[in-house]
Amino acid sequence: MPSHLSINHNDMRNMNLALILNCLHQHAPLSRARLAELTGLNRATVTHLVRELIHKGLLVEMDGNPHPSAVGHPSINLQINPNAGRVIGVEVGVDYTSAVLTDLRPKILWRHDAQHPFSQDVGEVMERVLLIVDQAYRQARQSGFPILGIAVGVPGLVDLDSDTLLQSPEFGWRNVSLREHIGRHFDVPFYSGNLVHMAALGESYFGAARRVSSSVYIHLGYTVSGGIVINEDVFPGAMGLAGEVGHMSIDPHGERCACGSRGCWNLFVSQQGLFRRLQEGMAHGTQTLLSAASPLSMPAVLDAASRGDALTLEALQQTGVWLGIGIANLVNILNPQYVVLGGAMSMAFDFFAPAMYAELAERALLAPCDICKVTVAKYRQDAAVIGAVATVIWNILNHPQN
Ligand SMILES: [Zn+2]
């Protein structure tokens, strides 16, 4: 066998450690005997590796005994240790920064959400983010538990190896080193990525699409983008750009999109698209409860819809039609088990869902449509910060030797 294809004993041991951790992440609580069955490893290997993981603090026995049983009793259940350490997840939006400190469940133990005026000044924005990460870091230090990592989600294309934001249309930035601005200030592992890809991982890892092998996450915010998840990993594509579902062409003669194309899905199903339809209705003199809401906001839209406002309900129903058309395309191409909707627009799910399902049933192929569930993100507006946390935990479970 050529040497570059050989797997040495250490690689095999690390792969088996990751196998055990991932199996427990998906199916815990599990006994050692059940772990052996599910992983295909022999019992002696499981006992040995579990002892090592307990010693590292990553696993705990669930019998209430803080010390592992000397013989590694096969029937005592095991789980990932929620207090193996603390994780910091950060979401950098165009006009806000959110940070959370969690354990490995992931339970949010501390959070900070700050709104800012929109700024394209790299130094100003990064300084704000650094201050908030520093607060989270100090909180984590006070807890006394080890800090397992910091992950920062940003809008745009990120080079994951160098932690460089290569391009952010939202900020109008190119080549911003997140490691230089943020990561290098902290003596713990640092990760960065596209915030929607992180949200997709978070929903797959802990949220609505947990324990399924394939899902699509769609962020329905001011603009629309997505992440494709295959076996609990986000499919990056050749350049990390996979999942830009917002720029599917839906109408060849449609309006010009910011990307330069015409009739992109984004223009129809984003918050921007919904607000434009509502403003057109108001400009035509349609009576609406939204006349009093200036500027338009999602809370005002949800309030008007729940009070039966005809213009709002019609606009949301139209959103549902366009959503159904785009989701049918995705279902036919990707055959996912779940399509998970997040972002501010997902709050209006109950209002647009009937039209969306009707369109989906009309257009998607029968078999993939039958197995696919469309649902709202478990973490809703926290999908990206929990996704950042999931990025750190994913790295720990898959590379426990580090
Ligand atoms: Zn576009």
# chains A, B, ... in the order shown; residues from 1 in each chain; ligands from 1

call {"tool": "select_by_dssp", "arguments": {"residues": "range 119-187 of chain A", "states": "strand (DSSP E)", "output": "list in words"}}
result
Ile147, Leu148, Gly149, Ile150, Ala151, Val152, Gly153, Val154, Leu157, Val158, Asp159, Thr164, Leu165, Leu166, Gln167, Ser168, Trp173, Arg174, Asn175, Val176 and Ser177 of chain A

call {"tool": "residues_near_ligand", "arguments": {"ligand": "ligand 1", "cutoff": "6 Å", "atoms": "only C-alpha atoms and all ligand atoms", "output": "MDAnalysis selection string"}}
result
chainID A and resid 247 257:259 261 264

call {"tool": "write_last_selection", "arguments": {"atoms": "all heavy atoms", "output": "compact mmCIF listing (two decimals), in the first residue's frame"}}
result
# COMPACT_ATOMS: atom_id res chain seq x y z
N HIS A 247 -30.26 33.30 -4.95
CA HIS A 247 -30.02 33.77 -6.32
C HIS A 247 -30.43 32.75 -7.37
O HIS A 247 -29.98 32.83 -8.52
CB HIS A 247 -28.56 34.24 -6.47
CG HIS A 247 -28.25 35.36 -5.53
ND1 HIS A 247 -28.76 36.63 -5.71
CD2 HIS A 247 -27.59 35.38 -4.35
CE1 HIS A 247 -28.37 37.40 -4.69
NE2 HIS A 247 -27.67 36.65 -3.85
N CYS A 257 -31.52 42.03 -9.57
CA CYS A 257 -31.11 41.73 -8.19
C CYS A 257 -29.75 42.39 -7.94
O CYS A 257 -29.03 42.72 -8.88
CB CYS A 257 -31.00 40.21 -8.05
SG CYS A 257 -30.32 39.64 -6.48
N ALA A 258 -29.40 42.54 -6.67
CA ALA A 258 -28.11 43.15 -6.31
C ALA A 258 -26.94 42.34 -6.89
O ALA A 258 -25.84 42.88 -7.09
CB ALA A 258 -27.96 43.24 -4.79
N CYS A 259 -27.16 41.04 -7.17
CA CYS A 259 -26.08 40.20 -7.70
C CYS A 259 -25.84 40.47 -9.18
O CYS A 259 -24.87 39.98 -9.75
CB CYS A 259 -26.40 38.72 -7.50
SG CYS A 259 -27.70 38.08 -8.59
N SER A 261 -28.08 39.66 -11.61
CA SER A 261 -29.02 38.85 -12.40
C SER A 261 -30.43 39.44 -12.29
O SER A 261 -30.64 40.48 -11.65
CB SER A 261 -28.97 37.42 -11.89
OG SER A 261 -29.85 36.62 -12.63
N CYS A 264 -34.24 37.01 -9.22
CA CYS A 264 -33.75 36.04 -8.23
C CYS A 264 -34.83 35.77 -7.17
O CYS A 264 -35.62 36.65 -6.83
CB CYS A 264 -32.50 36.56 -7.54
SG CYS A 264 -31.08 36.64 -8.62

call {"tool": "residues_around", "arguments": {"residues": "range 327-343 of chain A", "least_positions_apart": "6", "cutoff": "7 Å", "atoms": "only C-alpha atoms", "output": "list in words"}}
result
Ala208, Ala209, Val212, Ser214, Ser215, Val216, Tyr217, Ile218, His219, Leu220, Gly221, Leu360, Arg363, Ala364, Leu365, Pro368, Cys369, Ile371, Cys372, Lys373, Val374, Thr375, Val376, Ala377, Arg380 and Gln381 of chain A

call {"tool": "residues_around", "arguments": {"residues": "Gln271 in chain A", "least_positions_apart": "5", "cutoff": "7 Å", "atoms": "only C-alpha atoms", "output": "JSON, numbers by chain"}}
result
{"A": [221, 222, 223, 345]}

call {"tool": "closest_residue", "arguments": {"among": "A:Cys23, A:Ile228, A:Ala310, A:Leu160", "to": "Glu244 in chain A", "atoms": "only C-alpha atoms"}}
result
A:Ile228

call {"tool": "closest_residue", "arguments": {"among": "A:Met62, A:Leu397, A:Val389, A:Leu311", "to": "Ala200 in chain A", "atoms": "only C-alpha atoms"}}
result
A:Val389

call {"tool": "closest_residue", "arguments": {"among": "A:Ser119, A:Ser98, A:Asn395, A:Asn42", "to": "Gln135 in chain A", "atoms": "only C-alpha atoms"}}
result
A:Ser98

call {"tool": "select_by_dssp", "arguments": {"residues": "range 66-247 of chain A", "states": "helix (DSSP H, G or I)", "output": "JSON, numbers by chain"}}
result
{"A": [122, 123, 124, 125, 126, 127, 128, 129, 130, 131, 132, 133, 134, 135, 136, 137, 138, 139, 140, 141, 142, 143, 178, 179, 180, 181, 183, 184, 185, 195, 196, 197, 198, 199, 200, 201, 202, 203, 204, 205, 245, 246, 247]}

call {"tool": "closest_atom_pairs", "arguments": {"of": "range 73-143 of chain A", "to": "range 187-197 of chain A", "cutoff": "12 Å", "atoms": "only C-alpha atoms", "output": "tab-separated table"}}
result
residue	atom	partner	partner_atom	distance
A:Gly85	CA	A:Val188	CA	11.7
A:Arg86	CA	A:Val188	CA	11.0
A:Val87	CA	A:Val188	CA	10.1
A:Ile88	CA	A:Phe190	CA	9.7
A:Gly89	CA	A:Tyr191	CA	9.6
A:Val90	CA	A:Leu195	CA	9.1
A:Glu91	CA	A:Leu195	CA	6.7
A:Val92	CA	A:Leu195	CA	7.9
A:Gly93	CA	A:Leu195	CA	8.8
A:Val94	CA	A:Leu195	CA	11.7
A:Thr97	CA	A:Leu195	CA	11.8
A:Ser98	CA	A:Leu195	CA	11.6
A:Val133	CA	A:Phe190	CA	11.4
A:Asp134	CA	A:Asp187	CA	11.7
A:Tyr137	CA	A:Val188	CA	9.8
A:Ala140	CA	A:Val188	CA	11.6
A:Arg141	CA	A:Val188	CA	11.4
